[in-house]
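Data block below; observations after.
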Amino acid sequence: ASDRTRHLGSPPLRMGVRTVGAMCVAGTLSRRTLAAVGSLIAIAVERANAVEIMARSEAAREGERLRTAILDSVTHEFRTPLTSIKASITSLLSPTGLGPDDRQELMTVINEESDRLNRLVGEAAEVAQLESHEFQPDLRDCALLELVRAAMGGGPQTRVHVRVAV
């Protein structure tokens, strides 16, 4: 397209027979010059598209590698308490006589590792919620000291020193 009265030209940007865009040129240039400039711009556009596709592909590969590493880590984290639970139960069920202290120790291991496994499942569910953007924050007023104590796992008797810089 062109507008000779205002000296505007709008040739297509082509890669071979495929049109990748259009440009608008003000001034008077020959058709051959417009075609040459259009070809150079089309090559630049195609190169930019190719670089973007490569970057997306690399990002997808890296994302997949990270997902695999995280899955391996999570699998290991789940298997550790399960292994301890299984070993403790197997020992409790064995025909060899265990003393009351040994039995109590194995049951304590089962209890602690079950709690650990439950915590891991809860954390995995929270991560899944975060990734799916279904996480709803629980926004409410709270006392900073109570929050710090809870984070430290202590009760009201836990001593906490807080420094605030203003």
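Identifiers in the structure tokens: chain A, B, ... in order shown; residue index from 1 per chain; ligand index from 1 in order shown.
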
Hey, what's within 12 Å of region 64-73 of chain A if we count only C-alpha atoms and toss same-chain stuff fewer than 6 positions away? As number ranges by chain, please? A: 57-58, 79-80, 120, 124, 127

Keeping only N, CA and C atoms, write the selected residues as a tab-separated table (two decimals), in the first residue's frame.
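Contents of out_24.tsv, freshly written:
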chain	number	residue	atom	x	y	z
A	57	SER	N	12.15	-22.71	25.03
A	57	SER	CA	12.49	-24.14	25.05
A	57	SER	C	13.50	-24.44	26.15
A	58	GLU	N	14.51	-23.59	26.28
A	58	GLU	CA	15.51	-23.77	27.32
A	58	GLU	C	14.88	-23.62	28.71
A	79	ARG	N	10.37	-41.17	51.96
A	79	ARG	CA	10.85	-42.53	52.22
A	79	ARG	C	11.60	-42.64	53.54
A	80	THR	N	12.26	-41.58	53.97
A	80	THR	CA	13.04	-41.65	55.21
A	80	THR	C	12.17	-42.01	56.41
A	120	LEU	N	5.17	-33.58	56.49
A	120	LEU	CA	5.64	-33.53	55.10
A	120	LEU	C	4.47	-33.52	54.12
A	124	ALA	N	3.66	-30.55	51.53
A	124	ALA	CA	3.52	-30.83	50.10
A	124	ALA	C	2.18	-30.29	49.58
A	127	VAL	N	2.49	-26.51	49.24
A	127	VAL	CA	3.26	-26.15	48.04
A	127	VAL	C	2.39	-26.31	46.80

Name the residues of chain A that fall into strand (DSSP E or B) according to DSSP on the backbone, using the chain letters and numbers of this document, as JSON, numbers by chain. {"A": [2, 3, 8, 9, 12, 13, 14, 15, 18, 19, 20, 21, 22, 25, 26]}

I need the residues from that last selection saved to file as a PDB file, in the first residue's frame (with C-alpha atoms), if you can.
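result.pdb, written as the output of this step:
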ATOM      1  CA  SER A   2       1.163   3.533  -0.623  1.00  0.00           C
ATOM      2  CA  ASP A   3      -0.017   7.121  -0.415  1.00  0.00           C
ATOM      3  CA  LEU A   8       4.006   7.095   2.588  1.00  0.00           C
ATOM      4  CA  GLY A   9       4.720   3.501   1.686  1.00  0.00           C
ATOM      5  CA  PRO A  12       5.042  -6.177   3.515  1.00  0.00           C
ATOM      6  CA  LEU A  13       7.916  -7.792   5.378  1.00  0.00           C
ATOM      7  CA  ARG A  14       8.477 -11.160   3.706  1.00  0.00           C
ATOM      8  CA  MET A  15      10.577 -14.211   4.383  1.00  0.00           C
ATOM      9  CA  ARG A  18       5.609 -15.836   3.853  1.00  0.00           C
ATOM     10  CA  THR A  19       4.622 -12.401   5.186  1.00  0.00           C
ATOM     11  CA  VAL A  20       5.852 -11.744   8.737  1.00  0.00           C
ATOM     12  CA  GLY A  21       4.676  -8.158   9.128  1.00  0.00           C
ATOM     13  CA  ALA A  22       4.490  -4.773   7.483  1.00  0.00           C
ATOM     14  CA  VAL A  25       7.985   4.318   5.396  1.00  0.00           C
ATOM     15  CA  ALA A  26       7.737   8.086   4.996  1.00  0.00           C
TER      16      ALA A  26
END

CA of Ala59 (chain A) to CA of Arg47 (chain A), distance in Å rounded to a single decimal: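 Distance between the two atoms: 18.2 Å.
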
Test item: residues at most 9 Å from Val109 (chain A), only C-alpha atoms, excluding those fewer than 4 positions along its chain, as a list in words: Ser84, Ile85, Ser88, Gln104, Glu105, Glu113 and Ser114 of chain A

Suppose you want the space between CA of His76 (chain A) and CA of Glu126 (chain A); what is it in Å? 18.3 Å

Go through region 8-154 of chain A and collect every residue that DSSP, computed from the backbone, puts in alpha helix (DSSP H); the answer should be as a ChimeraX atom specification. /A:31-93,100-131,144-152

The selected residues should be written to file as a tab-separated table (two decimals), in the first residue's frame (atoms: C-alpha atoms).
chain	number	residue	atom	x	y	z
A	31	ARG	CA	10.55	-0.30	-4.79
A	32	ARG	CA	13.82	-2.24	-4.83
A	33	THR	CA	15.14	-0.29	-1.83
A	34	LEU	CA	11.88	-0.83	0.08
A	35	ALA	CA	12.00	-4.55	-0.76
A	36	ALA	CA	15.62	-4.82	0.40
A	37	VAL	CA	14.97	-2.96	3.67
A	38	GLY	CA	11.81	-5.03	4.18
A	39	SER	CA	13.78	-8.25	3.69
A	40	LEU	CA	16.40	-7.19	6.21
A	41	ILE	CA	13.73	-6.28	8.77
A	42	ALA	CA	11.92	-9.58	8.11
A	43	ILE	CA	15.16	-11.47	8.75
A	44	ALA	CA	15.63	-9.56	12.01
A	45	VAL	CA	12.03	-10.31	13.07
A	46	GLU	CA	12.46	-14.01	12.27
A	47	ARG	CA	15.76	-14.12	14.15
A	48	ALA	CA	14.14	-12.47	17.18
A	49	ASN	CA	11.30	-15.03	17.02
A	50	ALA	CA	13.80	-17.89	16.79
A	51	VAL	CA	15.75	-16.57	19.79
A	52	GLU	CA	12.52	-16.26	21.78
A	53	ILE	CA	11.49	-19.81	20.88
A	54	MET	CA	14.93	-21.09	21.90
A	55	ALA	CA	14.73	-19.22	25.21
A	56	ARG	CA	11.27	-20.66	25.93
A	57	SER	CA	12.49	-24.14	25.05
A	58	GLU	CA	15.51	-23.77	27.32
A	59	ALA	CA	13.31	-22.45	30.14
A	60	ALA	CA	10.97	-25.43	29.70
A	61	ARG	CA	13.91	-27.85	29.82
A	62	GLU	CA	15.29	-26.16	32.93
A	63	GLY	CA	11.84	-26.21	34.55
A	64	GLU	CA	11.52	-29.92	33.84
A	65	ARG	CA	14.99	-30.55	35.28
A	66	LEU	CA	14.05	-28.64	38.45
A	67	ARG	CA	10.73	-30.50	38.74
A	68	THR	CA	12.59	-33.80	38.50
A	69	ALA	CA	15.10	-32.73	41.16
A	70	ILE	CA	12.29	-31.58	43.47
A	71	LEU	CA	10.38	-34.82	42.93
A	72	ASP	CA	13.51	-36.83	43.75
A	73	SER	CA	14.03	-34.77	46.91
A	74	VAL	CA	10.39	-35.08	48.00
A	75	THR	CA	10.46	-38.83	47.34
A	76	HIS	CA	13.55	-39.15	49.53
A	77	GLU	CA	11.96	-37.02	52.26
A	78	PHE	CA	8.87	-39.29	52.31
A	79	ARG	CA	10.85	-42.53	52.22
A	80	THR	CA	13.04	-41.65	55.21
A	81	PRO	CA	10.24	-41.68	57.82
A	82	LEU	CA	8.53	-44.61	56.09
A	83	THR	CA	11.74	-46.62	56.32
A	84	SER	CA	12.05	-45.86	60.04
A	85	ILE	CA	8.40	-46.77	60.65
A	86	LYS	CA	8.72	-50.02	58.69
A	87	ALA	CA	11.94	-51.02	60.49
A	88	SER	CA	10.40	-50.31	63.89
A	89	ILE	CA	7.22	-52.26	63.15
A	90	THR	CA	9.23	-55.17	61.76
A	91	SER	CA	11.28	-55.25	64.97
A	92	LEU	CA	8.13	-55.13	67.10
A	93	LEU	CA	6.58	-58.01	65.13
A	100	PRO	CA	9.74	-53.09	77.57
A	101	ASP	CA	12.26	-50.27	77.10
A	102	ASP	CA	13.11	-51.43	73.57
A	103	ARG	CA	9.43	-51.76	72.67
A	104	GLN	CA	8.74	-48.28	74.07
A	105	GLU	CA	11.65	-46.81	72.09
A	106	LEU	CA	10.43	-48.39	68.84
A	107	MET	CA	6.89	-47.12	69.44
A	108	THR	CA	8.31	-43.65	70.11
A	109	VAL	CA	10.18	-43.83	66.78
A	110	ILE	CA	6.95	-44.85	65.01
A	111	ASN	CA	5.04	-42.00	66.66
A	112	GLU	CA	7.69	-39.35	65.84
A	113	GLU	CA	8.19	-40.52	62.26
A	114	SER	CA	4.42	-40.66	61.69
A	115	ASP	CA	4.21	-37.05	62.86
A	116	ARG	CA	7.09	-36.14	60.54
A	117	LEU	CA	5.39	-37.87	57.61
A	118	ASN	CA	2.12	-36.08	58.39
A	119	ARG	CA	3.98	-32.74	58.45
A	120	LEU	CA	5.64	-33.53	55.10
A	121	VAL	CA	2.28	-34.35	53.52
A	122	GLY	CA	0.85	-31.07	54.85
A	123	GLU	CA	3.80	-29.09	53.48
A	124	ALA	CA	3.52	-30.83	50.10
A	125	ALA	CA	-0.18	-29.90	49.99
A	126	GLU	CA	0.66	-26.28	50.82
A	127	VAL	CA	3.26	-26.15	48.04
A	128	ALA	CA	0.71	-27.59	45.60
A	129	GLN	CA	-1.77	-24.90	46.65
A	130	LEU	CA	0.83	-22.18	46.16
A	131	GLU	CA	1.76	-23.46	42.71
A	144	LEU	CA	4.21	-10.16	67.30
A	145	LEU	CA	5.52	-11.81	70.45
A	146	GLU	CA	2.96	-14.63	70.20
A	147	LEU	CA	3.85	-15.15	66.56
A	148	VAL	CA	7.58	-15.40	67.31
A	149	ARG	CA	6.94	-17.82	70.19
A	150	ALA	CA	4.76	-20.00	67.96
A	151	ALA	CA	7.43	-19.99	65.25
A	152	MET	CA	10.02	-21.05	67.83

Provide the CA of Ser30 (chain A) to CA of Ser10 (chain A) distance in Å, to one decimal place.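 Atom-to-atom, CA of Ser30 (chain A) and CA of Ser10 (chain A) are spaced 12.4 Å apart.
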